[in-house]
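> Starting off with a structure, shown below.
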Amino acid sequence: MLTVRAPATSANLGSGFDVFGVALERPADVVRLSKADRTTIDVTGAGSQFIPEDPEKNTVGAVAEALDAPAHIEIDKGVRPASGLGSSAASAAAAAVGLNELYDRGHSREELVPIAAKGEAVVSGDAHDDNVAPSIMGGFTIATEAGVRQVDASIPLVACLPDIVVSTRDARRVVPETARVEQLVETVGNAATLTTGMHRDDPELVGEGMHDTVVTPSRAKLIDGYEEVREAALSAGATGVTISGAGPTVIAACEEDRQRAIASTMLDAFADRGIDARVYQTRIGRGAQIF
Ligand SMILES: Nc1ncnc2c1ncn2[C@@H]1O[C@H](COP(=O)(O)OP(=O)(O)OP(=O)(O)O)[C@@H](O)[C@H]1O
Ligand SMILES: N[C@@H](CCO)C(=O)O
């Protein structure tokens, strides 16, 4: 029996749609794995009533299949599904790291990223790497066709998860099919600024680079109160605010001493719209850990 803790993640960070991701110190999924003749799955914890235990429909089932590593897999969900915090990816990342160890498959962390992404394909139809990469490798990740580049960073973040469900599938339907050249120029500038900020561990540059006018405005319409929450966080000192993953979590970068005030004002702004929410005062952290 092996236990793996795999962190929640935030993909996109505004300007890095389908490319950037960060591992969060909290929340996380905890997954226990033991060898078996066939794969069986038990799910408990946050939102477990909405998560299938059928290995054909759960992200960990696809990972066990890809590694030819059947197991009994107990998932304790710390990351609510359809949150924009990489819930499905956290389980897939934990399974990839744990089964690789349990069956002594010898894959590197980077090699495990496309394997875990097969789990993501089960739920969203596409094998996105941008959540599984940071959950496996930690820090800030840049996932492209060429592979994954990783930078250790420790930027303070506030992630506010409203009681709204946005599935990745639905959020992908509203992504615009085209962008103007001026928007591409702006996106390149913002993505480069954000990447520099990660290298320097500079919340100001990271926040500035989170600005996005291509994908975020269409998706913001799916999140009741988004503009008000964003404005509130910026007024409380956030250096940048955007949608986490496909939403509905709204994520803010900041200096550490502003975290508490930003968390409180984001909750208040959702409450003013009559929406319950929970908030995580967190920061960029490490990838999946085996216990
Ligand atoms: N192990 C799992 N953990 C969580 N959700 C799972 C799992 N296996 C299958 N699912 C399904 O995946 C869907 C949630 O995934 P989705 O990608 O929409 O949300 P998310 O992972 O929180 O968001 P994002 O990718 O935007 O950060 C739900 O329909 C859920 O039932
Ligand atoms: N990059 C993906 C993350 C969610 O899986 C999206 O925003 O749709």
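Simple scheme: letters A, B, ... for chains in structure tokens order, numbers from 1 for residues in each chain, numbers from 1 for ligands in the order shown.
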Excluding Arg273 in chain A and residues on its chain fewer than 2 positions from it, collect all residues at most 12 Å away from it, counting only C-alpha atoms, and give them as a PyMOL selection string.
chain A and resi 162-163+223-229+266-271+275-277
> List as a ChimeraX atom specification the protein and nucleic acid residues lying within 6 Å of ligand 1, with only C-alpha atoms and all ligand atoms counted.
/A:50-52,57-60,81-89,91,123-124,167-168,245-247
> Rank nothing, just name the residue among A:Glu111, A:Asp104, A:Glu56, A:Asp130 nearest to ligand 2, using only C-alpha atoms and all ligand atoms.
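Of the candidates, the smallest distance to ligand 2 is held by A:Asp130.
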> Pick the closest to ligand 2 from A:Thr144, A:Gln183, A:Asn190, A:Thr39: which is it, counting only C-alpha atoms and all ligand atoms?
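Checking each of A:Thr144, A:Gln183, A:Asn190, A:Thr39 against ligand 2, counting only C-alpha atoms and all ligand atoms, the winner is A:Thr144.
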> Find the residue from A:Ser15, A:Gln259, A:Thr9, A:Ser264 that sits nearest to Glu186 in chain A; use only C-alpha atoms when measuring.
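Looking only at the distances to Glu186 in chain A, the closest residue turns out to be A:Ser15.
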> Rounded to one decimal, what separation in Å do you get between CA of Ala159 in chain A and CA of Leu194 in chain A?
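CA of Ala159 in chain A sits 17.8 Å away from CA of Leu194 in chain A.
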> If we count only C-alpha atoms, what is near Gly61 in chain A at a cut-off of 9 Å, once residues fewer than 3 positions away on the same chain are taken out, given as an MDAnalysis selection string?
chainID A and resid 39:41 53:58 64:66 70 73 92 95 119
> Give me a file of those residues, with N, CA and C atoms, as an mmCIF file, in the first residue's frame.

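Result saved to again-v3.cif:
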data_model
loop_
_atom_site.group_PDB
_atom_site.id
_atom_site.type_symbol
_atom_site.label_atom_id
_atom_site.label_comp_id
_atom_site.auth_asym_id
_atom_site.auth_seq_id
_atom_site.Cartn_x
_atom_site.Cartn_y
_atom_site.Cartn_z
ATOM 1 N N THR A 39 -8.614 -3.139 -11.606
ATOM 2 C CA THR A 39 -8.722 -1.834 -10.954
ATOM 3 C C THR A 39 -10.118 -1.601 -10.367
ATOM 4 N N THR A 40 -10.139 -1.240 -9.085
ATOM 5 C CA THR A 40 -11.379 -0.834 -8.418
ATOM 6 C C THR A 40 -11.107 0.505 -7.729
ATOM 7 N N ILE A 41 -12.168 1.306 -7.595
ATOM 8 C CA ILE A 41 -11.983 2.677 -7.090
ATOM 9 C C ILE A 41 -13.024 3.010 -6.021
ATOM 10 N N GLU A 53 -17.125 5.980 -9.776
ATOM 11 C CA GLU A 53 -16.120 5.012 -9.299
ATOM 12 C C GLU A 53 -15.810 3.966 -10.372
ATOM 13 N N ASP A 54 -16.509 4.055 -11.498
ATOM 14 C CA ASP A 54 -16.242 3.165 -12.630
ATOM 15 C C ASP A 54 -14.867 3.531 -13.232
ATOM 16 N N PRO A 55 -13.926 2.570 -13.317
ATOM 17 C CA PRO A 55 -12.588 2.883 -13.834
ATOM 18 C C PRO A 55 -12.593 3.450 -15.259
ATOM 19 N N GLU A 56 -13.653 3.184 -16.009
ATOM 20 C CA GLU A 56 -13.738 3.738 -17.373
ATOM 21 C C GLU A 56 -14.063 5.226 -17.344
ATOM 22 N N LYS A 57 -14.609 5.696 -16.221
ATOM 23 C CA LYS A 57 -15.087 7.091 -16.161
ATOM 24 C C LYS A 57 -14.297 7.961 -15.198
ATOM 25 N N ASN A 58 -13.469 7.341 -14.351
ATOM 26 C CA ASN A 58 -12.664 8.107 -13.398
ATOM 27 C C ASN A 58 -11.257 8.289 -13.983
ATOM 28 N N ALA A 64 -4.251 3.925 -14.646
ATOM 29 C CA ALA A 64 -3.900 2.532 -14.319
ATOM 30 C C ALA A 64 -3.807 1.709 -15.601
ATOM 31 N N GLU A 65 -4.722 1.967 -16.516
ATOM 32 C CA GLU A 65 -4.728 1.258 -17.806
ATOM 33 C C GLU A 65 -3.458 1.597 -18.597
ATOM 34 N N ALA A 66 -3.127 2.890 -18.660
ATOM 35 C CA ALA A 66 -1.966 3.327 -19.449
ATOM 36 C C ALA A 66 -0.658 2.759 -18.898
ATOM 37 N N PRO A 70 -2.922 -2.503 -12.644
ATOM 38 C CA PRO A 70 -4.209 -2.590 -11.952
ATOM 39 C C PRO A 70 -4.046 -2.445 -10.437
ATOM 40 N N ILE A 73 -7.800 1.558 -5.676
ATOM 41 C CA ILE A 73 -7.419 2.964 -5.525
ATOM 42 C C ILE A 73 -8.473 3.684 -4.669
ATOM 43 N N ALA A 92 -5.494 12.109 -11.021
ATOM 44 C CA ALA A 92 -4.726 11.459 -12.087
ATOM 45 C C ALA A 92 -3.229 11.548 -11.814
ATOM 46 N N ALA A 95 -2.313 9.131 -9.036
ATOM 47 C CA ALA A 95 -2.301 7.741 -9.518
ATOM 48 C C ALA A 95 -1.055 7.477 -10.363
ATOM 49 N N GLY A 119 -5.872 10.532 -18.303
ATOM 50 C CA GLY A 119 -7.003 10.605 -17.374
ATOM 51 C C GLY A 119 -7.854 11.831 -17.663
#
> Might you pull out every residue within 9 Å of Val97 in chain A, with only C-alpha atoms counted and same-chain residues fewer than 6 positions away left off, and present them as a VMD selection string?
chain A and resid 4 6 107 109 112 116 136 288 to 290
> Selection from above, N, CA and C atoms, as a PDB file, in the first residue's frame, can you write it?

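Printed below is selection_14.pdb as written:
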ATOM      1  N   VAL A   4      -0.238   8.756  -1.719  1.00  0.00           N
ATOM      2  CA  VAL A   4       0.302   9.901  -2.465  1.00  0.00           C
ATOM      3  C   VAL A   4      -0.595  11.113  -2.223  1.00  0.00           C
ATOM      4  N   ALA A   6      -1.415  14.655  -3.889  1.00  0.00           N
ATOM      5  CA  ALA A   6      -1.180  15.449  -5.115  1.00  0.00           C
ATOM      6  C   ALA A   6      -1.953  16.758  -5.009  1.00  0.00           C
ATOM      7  N   HIS A 107       9.433   5.499 -14.737  1.00  0.00           N
ATOM      8  CA  HIS A 107       9.255   6.737 -15.505  1.00  0.00           C
ATOM      9  C   HIS A 107       9.704   7.943 -14.679  1.00  0.00           C
ATOM     10  N   ARG A 109       9.370  12.017 -13.642  1.00  0.00           N
ATOM     11  CA  ARG A 109       8.175  12.850 -13.407  1.00  0.00           C
ATOM     12  C   ARG A 109       7.680  13.444 -14.734  1.00  0.00           C
ATOM     13  N   LEU A 112       5.753  11.073 -16.762  1.00  0.00           N
ATOM     14  CA  LEU A 112       4.426  10.733 -16.211  1.00  0.00           C
ATOM     15  C   LEU A 112       3.345  11.738 -16.616  1.00  0.00           C
ATOM     16  N   ALA A 116      -0.593  10.810 -17.154  1.00  0.00           N
ATOM     17  CA  ALA A 116      -1.676  11.350 -16.319  1.00  0.00           C
ATOM     18  C   ALA A 116      -2.692  12.112 -17.171  1.00  0.00           C
ATOM     19  N   ILE A 136       2.166  17.075 -10.812  1.00  0.00           N
ATOM     20  CA  ILE A 136       3.231  16.065 -10.734  1.00  0.00           C
ATOM     21  C   ILE A 136       4.589  16.711 -10.430  1.00  0.00           C
ATOM     22  N   ALA A 288       3.385  16.273  -6.449  1.00  0.00           N
ATOM     23  CA  ALA A 288       2.900  15.098  -5.718  1.00  0.00           C
ATOM     24  C   ALA A 288       4.005  14.484  -4.853  1.00  0.00           C
ATOM     25  N   GLN A 289       3.599  14.104  -3.633  1.00  0.00           N
ATOM     26  CA  GLN A 289       4.553  13.498  -2.689  1.00  0.00           C
ATOM     27  C   GLN A 289       4.080  12.102  -2.313  1.00  0.00           C
ATOM     28  N   ILE A 290       5.038  11.167  -2.267  1.00  0.00           N
ATOM     29  CA  ILE A 290       4.721   9.791  -1.834  1.00  0.00           C
ATOM     30  C   ILE A 290       5.036   9.678  -0.353  1.00  0.00           C
TER      31      ILE A 290
END
> Please identify which residues in range 12-173 of chain A DSSP calls alpha helix (DSSP H) from the backbone, and express them as a VMD selection string.
chain A and resid 59 to 66 87 to 102 109 to 124 132 to 137 168 to 173
> Measuring atom to atom with only C-alpha atoms and all ligand atoms, identify which of A:Arg172, A:Arg149, A:Lys77, A:Arg283 is nearest to ligand 2.
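Of A:Arg172, A:Arg149, A:Lys77, A:Arg283, the one nearest ligand 2, counting only C-alpha atoms and all ligand atoms, is A:Arg172.
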> Please run DSSP on the backbone and report, as a list in words, all residues within range 178-259 of chain A that come out as strand (DSSP E).
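Residues of range 178-259 of chain A classed as strand (DSSP E): Gly240, Val241, Thr242, Ile243, Val250, Ile251, Ala252 and Ala253 of chain A.
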> Those same residues - N, CA and C atoms - I'd like them written as a PDB file, in the first residue's frame.

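Saved the output as again_27.pdb:
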ATOM      1  N   GLY A 240      -2.778  40.906  -9.413  1.00  0.00           N
ATOM      2  CA  GLY A 240      -3.434  40.423 -10.630  1.00  0.00           C
ATOM      3  C   GLY A 240      -4.526  39.446 -10.230  1.00  0.00           C
ATOM      4  N   VAL A 241      -5.586  39.380 -11.044  1.00  0.00           N
ATOM      5  CA  VAL A 241      -6.713  38.482 -10.741  1.00  0.00           C
ATOM      6  C   VAL A 241      -7.190  37.873 -12.050  1.00  0.00           C
ATOM      7  N   THR A 242      -7.488  36.572 -12.030  1.00  0.00           N
ATOM      8  CA  THR A 242      -8.029  35.946 -13.233  1.00  0.00           C
ATOM      9  C   THR A 242      -8.856  34.723 -12.850  1.00  0.00           C
ATOM     10  N   ILE A 243      -9.385  34.033 -13.864  1.00  0.00           N
ATOM     11  CA  ILE A 243     -10.124  32.792 -13.624  1.00  0.00           C
ATOM     12  C   ILE A 243      -9.099  31.660 -13.504  1.00  0.00           C
ATOM     13  N   VAL A 250     -11.850  31.978  -8.711  1.00  0.00           N
ATOM     14  CA  VAL A 250     -11.184  33.217  -9.097  1.00  0.00           C
ATOM     15  C   VAL A 250      -9.884  33.266  -8.302  1.00  0.00           C
ATOM     16  N   ILE A 251      -8.761  33.520  -8.993  1.00  0.00           N
ATOM     17  CA  ILE A 251      -7.464  33.442  -8.312  1.00  0.00           C
ATOM     18  C   ILE A 251      -6.740  34.785  -8.379  1.00  0.00           C
ATOM     19  N   ALA A 252      -6.144  35.163  -7.239  1.00  0.00           N
ATOM     20  CA  ALA A 252      -5.431  36.441  -7.142  1.00  0.00           C
ATOM     21  C   ALA A 252      -3.987  36.187  -6.724  1.00  0.00           C
ATOM     22  N   ALA A 253      -3.061  36.916  -7.324  1.00  0.00           N
ATOM     23  CA  ALA A 253      -1.660  36.915  -6.878  1.00  0.00           C
ATOM     24  C   ALA A 253      -1.461  38.138  -6.001  1.00  0.00           C
TER      25      ALA A 253
END
> For CA of Val151 in chain A and CA of Gly197 in chain A, determine how far apart the two atoms are, in Å to one decimal place.
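Computed distance, CA of Val151 in chain A to CA of Gly197 in chain A, equals 10.8 Å.
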> Env of Thr178 in chain A: 12 Å cut, atoms = only C-alpha atoms, seq-sep filter 4 positions within chain, self excluded. Answer as JSON, numbers by chain.
{"A": [174, 182, 183, 184, 214, 215]}
> Nearest to ligand 2: which of A:Ala171, A:Ala90, A:Ala96, A:Leu205 is it, counting only C-alpha atoms and all ligand atoms?
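Closest residue, counting only C-alpha atoms and all ligand atoms: A:Ala171.
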> Which residue is closest to Gly106 in chain A? Choose from A:Cys254, A:Ala94, A:Leu67, A:Ala192 and count only C-alpha atoms.
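Counting only C-alpha atoms, the residue closest to Gly106 in chain A is A:Leu67.
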> Quick one: distance from CA of Gly125 in chain A to CA of Ser10 in chain A in Å, one decimal?
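About the pair CA of Gly125 in chain A and CA of Ser10 in chain A: they are 19.0 Å apart.
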> Mind checking which residues fall within 10 Å of Asp68 in chain A, counting only C-alpha atoms, ignoring those fewer than 5 positions away in the same chain, and posting them as a CSV table (one decimal) with N, CA and C atoms, in the first residue's frame?

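Saved the output as selection.csv:
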chain,number,residue,atom,x,y,z
A,62,ALA,N,-8.0,5.5,-16.2
A,62,ALA,CA,-7.3,5.6,-17.5
A,62,ALA,C,-5.8,5.6,-17.2
A,63,VAL,N,-5.3,6.1,-16.1
A,63,VAL,CA,-3.9,6.1,-15.7
A,63,VAL,C,-3.4,4.7,-15.4
A,99,LEU,N,1.4,4.7,-8.9
A,99,LEU,CA,1.4,3.4,-9.6
A,99,LEU,C,2.8,3.2,-10.3
A,100,ASN,N,3.4,4.3,-10.7
A,100,ASN,CA,4.8,4.2,-11.3
A,100,ASN,C,5.7,3.6,-10.2
A,103,TYR,N,4.5,-0.3,-9.1
A,103,TYR,CA,4.9,-1.3,-10.1
A,103,TYR,C,6.3,-1.1,-10.6
A,105,ARG,N,7.8,1.1,-12.5
A,105,ARG,CA,7.8,1.3,-13.9
A,105,ARG,C,9.0,2.2,-14.4
